[in-house]
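Here is the structure we will look at, set down as structure tokens.
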Protein chains: 2
Amino acid sequence: ANNSGSNKHLTEFLDEMRSDQIREHLRKFTRLPHLAGTEQNLKYAEQIKKEWQEFGLDSVEMVPYDVLLSYPNKTQPNYISIVDHLGNEVFNTSLAEPVPEGYEGVSNIVPPYSAFSAKGQPEGDLVYVNYGRTEDFFQLEREMKINVTGKIVIVRYGKIFRGNKVKNAMLAGAKGIIMFSDPADYWATGVQVDPYPDGWNLPGGGAQRGNVLNLNGAGDPLTPGYPAKEYTYRFDLVEGVGLPKIPVHPIGFHDAIRLLENMGGQIPPNSWKGALNVSYRIGPGFTDDFKSQKVRMNIHTNNQVTRIYNVIGRIRGSLEPDRYVILGGHRDAWVFGGIDPMSGAAVVHETVRSAGRLLSKGWRPRRTIIFASWDAEEFGLLGSTEWAEDNAKLLQERAVAYINADSAIEGMYTLRVDCTPSLHTLVYDITKQIASPEEGEEGVSLYESWHKRDNWTNDRNAPRISKLGSGSDFEAYFIRLGIASGRARYTKNKKTEKYSSYPVYHSVYETFEIVDKFYDASFKRLRAVAQVRGALIFHLACSELLPLDVMEYADSLRKYAQSIAQLAQRHQDEMETYMVSFDSLFSAGENFTVAAKGFHERLQTVNRLRVMNDQLMYLERAFIDPLGLPGRPFYRHVIFAPSSHNKYAGESFPGIYDALFDIENSADPEKSWDEVKRQISIAAFTVHAAAMTIRETDTT
Amino acid sequence: ANNSGSNKHLTEFLDEMRSDQIREHLRKFTRLPHLAGTEQNLKYAEQIKKEWQEFGLDSVEMVPYDVLLSYPNKTQPNYISIVDHLGNEVFNTSLAEPVPEGYEGVSNIVPPYSAFSAKGQPEGDLVYVNYGRTEDFFQLEREMKINVTGKIVIVRYGKIFRGNKVKNAMLAGAKGIIMFSDPADYWATGVQVDPYPDGWNLPGGGAQRGNVLNLNGAGDPLTPGYPAKEYTYRFDLVEGVGLPKIPVHPIGFHDAIRLLENMGGQIPPNSWKGALNVSYRIGPGFTDDFKSQKVRMNIHTNNQVTRIYNVIGRIRGSLEPDRYVILGGHRDAWVFGGIDPMSGAAVVHETVRSAGRLLSKGWRPRRTIIFASWDAEEFGLLGSTEWAEDNAKLLQERAVAYINADSAIEGMYTLRVDCTPSLHTLVYDITKQIASPEEGEEGVSLYESWHKRDNWTNDRNAPRISKLGSGSDFEAYFIRLGIASGRARYTKNKKTEKYSSYPVYHSVYETFEIVDKFYDASFKRLRAVAQVRGALIFHLACSELLPLDVMEYADSLRKYAQSIAQLAQRHQDEMETYMVSFDSLFSAGENFTVAAKGFHERLQTVNRLRVMNDQLMYLERAFIDPLGLPGRPFYRHVIFAPSSHNKYAGESFPGIYDALFDIENSADPEKSWDEVKRQISIAAFTVHAAAMTIRETDTT
């Protein structure tokens, strides 16, 4: 087993991954809807377990939790009405999306809904608030002088996580929120693309499902911090974490036109206008002719504690069985999950199959590899977070890295990687060994193909790598536990393709066919993603020396420090008044760099492999502050957190960032600047402490 | 270096420790007062650093922090008056203790005071509240129907930590609190012992200094969670952790007689009566003749951010330099520190000297040994806690064990050990190899001598070992970070000697002479303590397999579960009404026992030393809950915490205990029982999770 990490084995591992197999896996697991908590999703779990066993994993187990989920009431559908002055419903939004061809007889397609919406039938005037972002509400209140207290807001989907829109609406005093998919945000631009099934654009009857929680990493809303097992104490619903207090509902753009077309009030700025043939007036309420009409939401969605199932498979490490490399992605889907998540699950499945083939030939990785098929990701990353809570004590001592495997494709352009800085070098190295999946790029590496399409110009002459935000299952592993993490998928050209995520995201139109016909007919792109994810776990599990790069972390820390200090410079006068300085943070960054260089030099004469591997493994852990970020106890990574304004975006030095953001709205600037200083001090301390962990052990 | 842990080396190490050397160390470091933050305490630090270097440690460094300390105002002394109706002071308590013979010319003896007392001159009637315990205040309020709002309470020292008395007084509404040393609690009983200098009893003019914080493990009150360095953000004083809001002052019993002798009000129960020739009436206020007299406190103590210095010495481990065994004790003293802490510091000094001798002969421990001379322990464990905060990330990955070295002697009877269950076996093993220091016990082991005097009858036929509470520097290491910890000292016969701690505790009479003449004239007892502490770190640093016993932890967990469940049984009816069950905790205990047995069996065929040592080391860590105990974020050990009612006492399953305690005073029993259930669930989860960490790594 000594050469378990050889190039020969890696090549075998990657070559074994086959496009036709990935296609077959995707086909198999997208025939039926498999929402979290449903029988069908349990069946798929059992099937995955059985197949992983057949592929040859050392063990595969089902791990159940009982978590809070949310479903529409089957007998009282959710919809939105326009009601006249007598209270008659003169228009109702559709109760379901038109079912795509080939799936007509399928039952258990859950209609579009906002999971965890409050129940209720609020009635009132509409106010249009663009994307419902913090800045949109600021503009509404400060420039347009509109107060939404007691109103129902309507916002378009896109730009930020929908839960943040709902939170903003609640904070502004709205009593309900409607979210619609505007073609400006869910249609391809530039090129002519038909709506599904003739193309991959969103039909007017399609709508985006999704949860509207603000969990901030808590996992199951009723058991924050602890796994949701039989004996676990559960909070009452009213104490649950992150549950919205107002009704929320999503609609497609056909229905949105009807709600928007008669709106009155101010004409919006151009940046607030979508692509529908309506004026996008702000409201409140309808124009003169329709003034007496109101909007009523009818929401009857139920919260329900429900059993979910993760599938956990293992390959025992030969030499370091107590070091874990994890490849995890979710299995639950809003409907068929053609893209989200099964394009990713199919890739994991193929990775397991290929690893099983190698095992059968006598190979065994140095470290333990754990494969996970998470449940209930769509309901707030619940399966992955509960398992992280359940295994936190093992993971914090033993986990080397976590690689996420959600949707493997969201566009047809090039690779997209988000990861911790210490994985940068590994990502570059492996993509040089993998072939481009693009037509006409025979002999071109994935690295070259990616570099050509997305150069990280501002940072370096190499393909762009982004910070991790949230919105997928790596969150608990990276942001709460401090395990080096990364994700990779195929993506769109974000310079020219301006839509959010991808047009049919979370709609019934996410089918096998949309991948098979439009996104990746050859399945070569998915194969390339499988090879990237696979090569990551192979190197992490098999290299004698862990392939983590402390110099990259040092470089990133210095850049993040520069960038947050620059942001503060907007308030230079106040910084002088309140004596705010970033020097301690810069100095911590320099100190870290010295330590990182020293570490790098010692690697040349490495003689204590175990010691240095532990230093590499625990470096990410050193950025965890057990006290958490202000108000977000489960976001504990001092360097990275999801943005408070958009869960999808990753913020560096989030504590400082949030404190700076508050400056603009503060009634007590001295106190607010005090909080900035406190956050700088915590950040500087954390970077210093992390530097200690990579110093020579003899001298620390 | 392979036989660095051999019996021969251990014998050499223990034999090298000499009584005359310990005497000399004690003599040297008790000549002058060395309060934390003073020049003299820095000088001793420098001297210790120099001598540790000469003894041969690989490195010794001074580590400064800037923490909040508290000193009397030099120009405005603290005292308490009886004032007549005109406001004239008709009696004032003494401003200082009579200086003992031989120390007459010494300057910088700080007078008795309560560190961190609020400033102020409250005036009012006295109420006597026995020891000021929770149950004393309950009795006062519920049975005697006395409300202390706006009163000054006077309580006797003893039974519980003085900070808890102050907290109880504040919660009851008192505007000041006076603490006195009653001979019932600070004089030897049964035997005739003279007051110092003719014996070791407390003179009537002696008083007990001490801090009155309620830090709950926060360390420096202004920098909770982070080390108090130059760049560290400091809270304002009003936001500081654990600072009392009322004036507090300690007095001796001569002064106490004057305050108590004319008190009126109810006659107290016998259990409230001390040994003074006064009635111990409760008050409020004085008897008829003296009714118009009031008591006034005059407190001018200042809080002040002050530099303190830890001395940190190291012996680099030969094979596992990144595994740390720590022997730490404080150096700062209220005055001379003859007992507290220098009897402990002298022992550490001798341990370092002996280790240095071995080093010079070519020996080197397998793991790194860290010796620490902590500063500002008397001000709230500040030096040790700041260093723990500074090094938390290293310590949580690398620390094997922490052995505390505060006062090595508090009585003349036998050994006293408090430690984590996993150290039980090691403590028994080593005390069998060490000779009894008692006269007439030649050839008798310390174990036998100890066993004869303090059999742990309820638990087993072996010497008693107690749970760790708090009140010394192990706290941050054990209760916050989850590092296996223990302490050992020579103690009194607690069956017959009823005084709290020892009579001259924290008075000016803690001199070199009190040890040299009364406590340990031969210095054999201190030598035995040195050998116990030394043998502990020797085995922990040198044994190939870590000498930690998981079966002992399993046994203790089951006993603690039984005992907390029994406590709950007092409320059997309510437990049925609210459906409270301890089954999940019992079942977790059984599960842990199965895992511990499995671990023990695998030890017989140990082939993965590093893996199993990590499991042993991290077991204690597995009991840490990052969310902390309710309201006590820095007390994070789910199995052990200092009692909420007495910092000195260790409570097992403290979360459950506190929730049960609240039941008695709850306005909403359903909610209170809910909290009990939540705490049981957290405890059960934690024990399950800890069990996972000692399972075979291949299968978890």
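To be explicit about the labels: the chains of the structure tokens are called A, B, and onward in the order shown, and within each one the residues are counted from 1, while ligands get numbers from 1 in the order they are shown.
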
Enumerate as a PyMOL selection string all residues of region 64-181 of chain A assigned to alpha helix (DSSP H) by DSSP on the backbone, naming them with the chain letters and numbers the document uses.
chain A and resi 134-138+162-172

Could you save those same residues with C-alpha atoms as a PDB file, in the first residue's frame?
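Now in out03.pdb:
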```
ATOM      1  CA  THR A 134     -30.277  45.505   1.729  1.00  0.00           C
ATOM      2  CA  GLU A 135     -29.392  48.287  -0.692  1.00  0.00           C
ATOM      3  CA  ASP A 136     -32.777  48.016  -2.411  1.00  0.00           C
ATOM      4  CA  PHE A 137     -34.617  48.493   0.869  1.00  0.00           C
ATOM      5  CA  PHE A 138     -32.274  51.378   1.774  1.00  0.00           C
ATOM      6  CA  ARG A 162     -33.883  34.272  -1.151  1.00  0.00           C
ATOM      7  CA  GLY A 163     -33.779  33.878   2.646  1.00  0.00           C
ATOM      8  CA  ASN A 164     -31.967  37.221   2.847  1.00  0.00           C
ATOM      9  CA  LYS A 165     -34.764  38.849   0.808  1.00  0.00           C
ATOM     10  CA  VAL A 166     -37.326  37.505   3.250  1.00  0.00           C
ATOM     11  CA  LYS A 167     -35.315  38.681   6.245  1.00  0.00           C
ATOM     12  CA  ASN A 168     -34.992  42.156   4.722  1.00  0.00           C
ATOM     13  CA  ALA A 169     -38.733  42.288   4.058  1.00  0.00           C
ATOM     14  CA  MET A 170     -39.494  41.241   7.639  1.00  0.00           C
ATOM     15  CA  LEU A 171     -37.122  43.809   9.082  1.00  0.00           C
ATOM     16  CA  ALA A 172     -38.730  46.485   6.931  1.00  0.00           C
TER      17      ALA A 172
END
```

Specify as a PyMOL selection string all residues of chain A found within 7 Å of chain B, counting only C-alpha atoms.
chain A and resi 231-233+316+321-322+391+393-394+584+611+622+626+677-678+681+689+693+697-698

Could you list, as an MDAnalysis selection string, every residue within 10 Å of Gln76 (chain B), counting only C-alpha atoms and ignoring same-chain residues fewer than 4 positions away?
chainID B and resid 72 298:301

Would you write out those residues with C-alpha atoms, as a PDB file, in the first residue's frame?
```pdb
ATOM      1  CA  PRO B  72      -6.023  49.634  47.536  1.00  0.00           C
ATOM      2  CA  ASN B 298     -14.957  53.229  53.221  1.00  0.00           C
ATOM      3  CA  ILE B 299     -13.620  51.558  50.120  1.00  0.00           C
ATOM      4  CA  HIS B 300     -11.288  53.276  47.675  1.00  0.00           C
ATOM      5  CA  THR B 301      -9.744  50.326  45.870  1.00  0.00           C
TER       6      THR B 301
END
```

Can you pull out the residues contacting Asp15 (chain B)? Cut-off 10 Å, using only C-alpha atoms, and skip same-chain residues under 4 positions away; I want them as an MDAnalysis selection string.
chainID B and resid 9:11 354 434 527 531

Å distance separating CA of Asn277 (chain B) from CA of Lys492 (chain B), one decimal place:
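Separation of CA of Asn277 (chain B) and CA of Lys492 (chain B): 26.5 Å.
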